[in-house]
$ cat upload09.cif   # mmCIF, C-alpha atoms
data_my_file
loop_
_atom_site.label_atom_id
_atom_site.label_comp_id
_atom_site.auth_asym_id
_atom_site.auth_seq_id
_atom_site.Cartn_x
_atom_site.Cartn_y
_atom_site.Cartn_z
CA MET M 6 -14.51 2.02 -62.41
CA ASP M 7 -13.60 4.99 -64.60
CA GLU M 8 -15.47 7.26 -62.23
CA ILE M 9 -13.20 6.09 -59.41
CA VAL M 10 -9.92 6.26 -61.29
CA PHE M 11 -10.60 9.60 -62.96
CA ARG M 12 -12.38 11.45 -60.18
CA PRO M 13 -11.15 15.02 -59.54
CA LEU M 14 -8.23 15.11 -57.15
CA HIS M 15 -8.91 18.47 -55.63
CA THR M 16 -11.24 21.39 -55.24
CA VAL M 17 -9.48 24.74 -55.36
CA ALA M 18 -10.86 26.83 -52.54
CA CYS M 19 -8.61 29.86 -52.98
CA LYS M 20 -5.46 30.94 -54.73
CA VAL M 21 -2.24 31.18 -52.78
CA ARG M 22 0.73 33.41 -53.49
CA CYS M 23 4.08 31.70 -52.99
CA SER M 24 5.70 35.07 -52.25
CA SER M 25 3.60 35.56 -49.11
CA CYS M 26 3.94 32.00 -47.80
CA ASN M 27 6.09 31.50 -44.71
CA LEU M 28 7.32 28.17 -46.15
CA ARG M 29 8.76 29.66 -49.33
CA GLU M 30 12.35 29.28 -48.06
CA ILE M 31 12.04 25.50 -47.72
CA CYS M 32 9.46 24.76 -50.41
CA LEU M 33 9.63 24.79 -54.21
CA PRO M 34 10.33 28.52 -54.81
CA VAL M 35 13.32 28.70 -52.46
CA GLY M 36 16.11 30.96 -53.73
CA LEU M 37 14.07 32.79 -56.39
CA THR M 38 14.61 36.49 -56.96
CA ARG M 39 11.81 38.99 -56.37
CA GLU M 40 11.19 39.23 -60.12
CA GLU M 41 11.10 35.44 -60.50
CA MET M 42 8.75 35.13 -57.54
CA ALA M 43 6.41 37.71 -59.08
CA HIS M 44 6.41 35.62 -62.27
CA VAL M 45 5.53 32.53 -60.26
CA ASP M 46 2.68 34.36 -58.52
CA SER M 47 1.25 35.57 -61.83
CA ILE M 48 1.29 32.21 -63.65
CA MET M 49 1.17 29.29 -61.27
CA VAL M 50 -2.40 28.78 -60.10
CA VAL M 51 -2.13 27.35 -56.62
CA GLY M 52 -5.15 26.32 -54.61
CA GLN M 53 -5.40 24.96 -51.11
CA ARG M 54 -7.05 21.77 -49.99
CA LYS M 55 -7.81 20.70 -46.43
CA VAL M 56 -7.38 17.01 -45.66
CA ALA M 57 -8.82 15.66 -42.43
CA ARG M 58 -6.98 13.13 -40.31
CA GLY M 59 -7.37 9.68 -41.86
CA GLU M 60 -8.56 11.07 -45.19
CA ALA M 61 -6.73 10.18 -48.40
CA LEU M 62 -5.24 13.03 -50.42
CA VAL M 63 -4.86 10.66 -53.39
CA HIS M 64 -5.30 6.95 -54.01
CA ALA M 65 -3.04 4.66 -56.01
CA GLY M 66 -4.39 4.60 -59.56
CA ASP M 67 -5.77 8.15 -59.49
CA ARG M 68 -4.92 10.15 -62.58
CA PHE M 69 -1.90 12.39 -62.02
CA ASP M 70 -2.53 16.05 -62.83
CA SER M 71 -1.03 17.91 -59.87
CA VAL M 72 1.70 17.79 -57.30
CA PHE M 73 1.01 18.85 -53.73
CA ALA M 74 3.12 20.93 -51.37
CA VAL M 75 2.37 20.28 -47.71
CA ARG M 76 1.43 23.55 -46.03
CA THR M 77 0.55 22.18 -42.59
CA GLY M 78 0.31 18.71 -41.09
CA PHE M 79 1.74 15.26 -41.75
CA PHE M 80 1.08 12.56 -44.35
CA LYS M 81 2.08 8.97 -44.97
CA SER M 82 2.52 7.25 -48.35
CA VAL M 83 1.30 3.67 -48.43
CA ILE M 84 1.71 0.86 -50.96
CA THR M 85 -0.72 -2.05 -50.80
CA SER M 86 0.53 -5.36 -52.24
CA SER M 87 -1.70 -7.86 -54.04
CA PRO M 88 -2.29 -9.97 -50.88
CA GLY M 89 -3.48 -6.77 -49.16
CA ARG M 90 -0.35 -6.14 -47.11
CA GLN M 91 0.45 -2.46 -46.57
CA GLN M 92 3.90 -0.89 -46.51
CA ILE M 93 4.53 2.73 -45.56
CA THR M 94 7.15 4.18 -47.89
CA ALA M 95 7.42 7.79 -46.68
CA PHE M 96 6.24 10.43 -44.25
CA GLN M 97 5.81 14.00 -45.50
CA THR M 98 5.54 17.27 -43.59
CA SER M 99 5.33 21.00 -44.32
CA GLY M 100 7.32 22.29 -47.28
CA GLU M 101 7.68 18.83 -48.86
CA LEU M 102 6.18 17.72 -52.16
CA ILE M 103 3.76 14.85 -52.67
CA GLY M 104 2.86 13.11 -55.90
CA LEU M 105 6.15 13.15 -57.81
CA GLY M 106 5.92 9.41 -58.46
CA GLY M 107 3.02 9.95 -60.86
CA ILE M 108 5.01 11.98 -63.39
CA ASP M 109 6.21 8.97 -65.38
CA THR M 110 3.04 6.87 -65.68
CA GLY M 111 0.40 9.58 -65.35
CA ARG M 112 -1.10 7.79 -62.35
CA HIS M 113 -0.42 8.12 -58.65
CA GLU M 114 1.40 5.04 -57.41
CA VAL M 115 0.60 5.17 -53.69
CA ASP M 116 -2.16 6.09 -51.30
CA VAL M 117 -1.33 9.31 -49.44
CA VAL M 118 -3.19 9.66 -46.14
CA ALA M 119 -3.22 12.50 -43.61
CA LEU M 120 -1.88 11.60 -40.16
CA GLU M 121 -3.50 14.71 -38.70
CA ASP M 122 -5.71 17.52 -39.97
CA SER M 123 -3.55 18.94 -42.74
CA GLN M 124 -3.51 21.38 -45.62
CA VAL M 125 -1.78 21.23 -48.99
CA CYS M 126 -1.15 23.58 -51.87
CA VAL M 127 -2.38 22.10 -55.16
CA ILE M 128 0.02 22.80 -58.04
CA PRO M 129 -1.22 21.74 -61.52
CA TYR M 130 1.69 19.93 -63.12
CA GLY M 131 1.13 21.37 -66.61
CA GLU M 132 1.47 24.90 -65.28
CA LEU M 133 4.51 23.89 -63.24
CA GLU M 134 6.17 22.54 -66.40
CA ALA M 135 5.43 25.73 -68.33
CA LEU M 136 6.67 27.89 -65.50
CA GLY M 137 9.85 25.83 -65.24
CA ARG M 138 10.66 26.67 -68.85
CA ALA M 139 10.04 30.36 -68.18
CA VAL M 140 11.93 30.44 -64.86
CA PRO M 141 14.99 28.14 -65.11
CA SER M 142 15.89 28.58 -61.44
CA LEU M 143 12.48 27.18 -60.47
CA GLN M 144 13.09 24.20 -62.73
CA ARG M 145 16.48 23.61 -61.12
CA GLN M 146 14.85 23.71 -57.68
CA PHE M 147 12.23 21.21 -58.83
CA HIS M 148 15.03 18.92 -60.03
CA ARG M 149 16.63 19.21 -56.58
CA HIS M 150 13.38 18.02 -55.05
CA LEU M 151 13.39 15.04 -57.41
CA SER M 152 17.01 14.32 -56.49
CA ARG M 153 16.19 14.43 -52.77
CA GLU M 154 13.35 11.97 -53.39
CA ILE M 155 15.80 9.55 -54.99
CA ALA M 156 18.31 10.04 -52.17
CA ALA M 157 15.60 9.41 -49.57
CA ASP M 158 14.63 6.18 -51.36
CA HIS M 159 18.27 5.06 -51.31
CA GLU M 160 18.54 5.86 -47.60
CA ALA M 161 15.38 3.88 -46.86
CA MET M 162 16.76 0.91 -48.82
CA MET M 163 20.01 1.08 -46.85
CA GLN M 164 18.11 1.13 -43.55
CA LEU M 165 16.08 -1.92 -44.51
CA GLY M 166 19.00 -3.78 -45.98
CA SER M 167 21.97 -3.16 -43.70
CA MET M 168 20.91 -1.61 -40.38
CA HIS M 169 19.80 -3.50 -37.29
CA ALA M 170 16.72 -2.41 -35.33
CA GLU M 171 18.39 0.10 -33.01
CA GLU M 172 20.17 1.81 -35.91
CA ARG M 173 16.94 2.05 -37.90
CA VAL M 174 14.99 3.65 -35.05
CA ALA M 175 17.83 6.04 -34.18
CA ALA M 176 18.21 7.09 -37.82
CA PHE M 177 14.46 7.65 -38.13
CA LEU M 178 14.29 9.85 -35.03
CA LEU M 179 17.36 11.90 -35.95
CA ASN M 180 16.08 12.45 -39.49
CA LEU M 181 12.62 13.44 -38.26
CA VAL M 182 13.97 15.89 -35.66
CA HIS M 183 16.32 17.43 -38.25
CA ARG M 184 13.48 17.95 -40.73
CA LEU M 185 11.30 19.56 -38.06
CA GLU M 186 14.17 21.72 -36.78
CA THR M 187 14.58 23.29 -40.23
CA ARG M 188 10.91 24.29 -39.95
CA GLY M 189 11.42 26.11 -36.65
CA PHE M 190 10.59 23.31 -34.22
CA SER M 191 12.69 22.01 -31.33
CA SER M 192 15.98 20.27 -32.08
CA THR M 193 15.52 17.80 -29.21
CA SER M 194 11.78 17.28 -28.75
CA VAL M 195 9.25 15.79 -31.14
CA LEU M 196 5.58 14.84 -30.98
CA LEU M 197 5.16 11.76 -33.16
CA ARG M 198 2.23 12.10 -35.55
CA MET M 199 2.62 8.47 -36.57
CA SER M 200 2.01 5.42 -34.39
CA ARG M 201 4.71 2.93 -33.42
CA ASP M 202 3.03 0.46 -35.76
CA GLU M 203 3.37 2.93 -38.63
CA ILE M 204 7.02 3.56 -37.74
CA GLY M 205 7.55 -0.19 -37.79
CA SER M 206 5.94 -0.49 -41.23
CA PHE M 207 8.25 2.20 -42.58
CA LEU M 208 11.37 0.70 -41.00
CA GLY M 209 10.53 -2.94 -41.69
CA LEU M 210 10.19 -3.73 -37.98
CA LYS M 211 7.46 -5.22 -35.83
CA LEU M 212 5.50 -2.98 -33.47
CA GLU M 213 7.00 -4.80 -30.47
CA THR M 214 10.52 -4.20 -31.76
CA VAL M 215 9.94 -0.44 -32.14
CA SER M 216 8.47 -0.20 -28.62
CA ARG M 217 11.25 -2.31 -27.12
CA THR M 218 13.92 -0.22 -28.84
CA LEU M 219 12.45 3.06 -27.60
CA SER M 220 12.33 1.63 -24.07
CA LYS M 221 15.98 0.58 -24.34
CA PHE M 222 16.98 4.04 -25.53
CA GLN M 223 15.18 5.50 -22.50
CA THR M 224 16.90 3.07 -20.14
CA ASP M 225 20.26 4.03 -21.70
CA GLY M 226 19.49 7.71 -21.06
CA LEU M 227 19.32 8.65 -24.75
CA LEU M 228 15.74 9.90 -24.68
CA PHE M 229 12.61 10.19 -22.59
CA VAL M 230 9.33 8.80 -23.90
CA ARG M 231 5.85 9.82 -22.81
CA GLN M 232 3.28 8.30 -25.16
CA ARG M 233 3.96 10.07 -28.49
CA GLN M 234 6.13 12.82 -27.01
CA ILE M 235 9.85 12.09 -27.29
CA GLN M 236 12.55 14.20 -25.67
CA ILE M 237 16.06 13.43 -26.90
CA THR M 238 18.18 13.84 -23.75
CA ASP M 239 21.50 12.70 -25.27
CA PRO M 240 21.67 13.67 -28.97
CA VAL M 241 25.36 12.72 -29.20
CA GLY M 242 24.69 9.30 -27.73
CA LEU M 243 21.80 8.71 -30.12
CA LYS M 244 24.02 9.59 -33.06
CA GLN M 245 26.63 7.16 -31.77
CA VAL M 246 24.09 4.35 -32.17
CA LEU M 247 24.73 4.86 -35.88
CA GLU M 248 28.51 5.04 -35.36
CA PRO M 249 29.33 2.21 -32.93
CA ALA M 250 33.02 2.48 -33.70
CA ALA M 251 33.06 6.08 -32.47
CA ALA M 252 31.17 5.29 -29.28
#

$ encode --input "upload09.cif" --output "structure tokens"
Amino acid sequence: MDEIVFRPLHTVACKVRCSSCNLREICLPVGLTREEMAHVDSIMVVGQRKVARGEALVHAGDRFDSVFAVRTGFFKSVITSSPGRQQITAFQTSGELIGLGGIDTGRHEVDVVALEDSQVCVIPYGELEALGRAVPSLQRQFHRHLSREIAADHEAMMQLGSMHAEERVAAFLLNLVHRLETRGFSSTSVLLRMSRDEIGSFLGLKLETVSRTLSKFQTDGLLFVRQRQIQITDPVGLKQVLEPAAA
């Protein structure tokens, strides 16, 4: 059992310089000066790990020793309850951090699985802590990431607790498109890396409800669906699903 729980979480294939990464303006070192970035490059040992589609980056119960910054690809975080029921709690894409939930207990709390062939930067947490003390602006940025994690959790709770199905699906699509747009992708078109079943797990909806809602949105002229490709044809109308009073 110990061999499973305490197995190494990563193999560092090569070191990566944050200063030369094209994601630095949306990832952890955003806003650092040239001198601060040089300090980060000299101290923080960052390795890359490739994760094939369907492969787990970490498992719940693994010892926490690193956080991971998504370089390419998509991941899902999954909690498995005692009866074996799975609940997706988050989707992560490039520039976002994975593994923050393990800071408190020293163990990863969820399974994190790649939705497509992906790549992450491996950031040893001990070195990140030391660097945060040496570069206060990096520490402040890390705290912002933690704050966004909390805000995202609150938003997910609100969706599950107070929104009906159409609002949940609309909010999910708008959030996903916004996140991808900040990474240089289209503001109206998205290729879903997750299945409708996985979307339903995240939103607390059945697969049939997600499919039926997408079909309704297409009938209403809000979007066009072709398998996993979604083209938002009426962004204003889709936003008004969340603001019925303004419709």

$ residues_near_point --input "upload09.cif" --point "(20.0, -3.9, -35.7)" --cutoff "12 Å" --atoms "all atoms listed in the file" --output "list in words"
Gln164, Leu165, Gly166, Ser167, Met168, His169, Ala170, Glu171, Glu172, Arg173, Val174, Ala175, Ala176, Leu208, Gly209, Leu210, Thr214, Val215, Thr218, Val246, Leu247 and Pro249 of chain M

$ resolve_selection --input "upload09.cif" --expression "the PyMOL selection byres ((chain M and resi 232) around 12)" --output "number ranges by chain"
M: 195-201, 216, 219-220, 229-231, 233-236

$ residues_around --input "upload09.cif" --residues "Lys55 of chain M" --least-positions-apart "4" --cutoff "8 Å" --atoms "only C-alpha atoms" --output "MDAnalysis selection string"
chainID M and resid 122:125

$ resolve_selection --input "upload09.cif" --expression "the PyMOL selection byres ((chain M and resi 63) around 8)" --output "list in words"
Leu14, Ala61, Leu62, His64, Ala65, Asp67, His113, Val115, Asp116, Val117 and Val118 of chain M

$ atom_distance --input "upload09.cif" --atom1 "atom CA of Arg184 of chain M" --atom2 "atom CA of Phe96 of chain M"
11.0 Å

$ atom_distance --input "upload09.cif" --atom1 "atom CA of Gln53 of chain M" --atom2 "atom CA of Asp158 of chain M"
27.5 Å

$ atom_distance --input "upload09.cif" --atom1 "atom CA of Gln97 of chain M" --atom2 "atom CA of Phe147 of chain M"
16.5 Å

$ closest_residue --input "upload09.cif" --among "M:Gln91, M:Thr238, M:Thr193, M:Ser142" --to "Met42 of chain M" --atoms "all atoms listed in the file"
M:Ser142

$ residues_near_point --input "upload09.cif" --point "(13.6, 27.4, -60.0)" --cutoff "9 Å" --atoms "all atoms listed in the file" --output "list in words"
Leu33, Pro34, Val35, Gly36, Leu37, Glu41, Leu136, Gly137, Val140, Pro141, Ser142, Leu143, Gln144, Arg145, Gln146, Phe147 and His148 of chain M

$ closest_residue --input "upload09.cif" --among "M:Val72, M:Leu178, M:Ala139, M:Ala95" --to "Gly111 of chain M" --atoms "only C-alpha atoms"
M:Val72
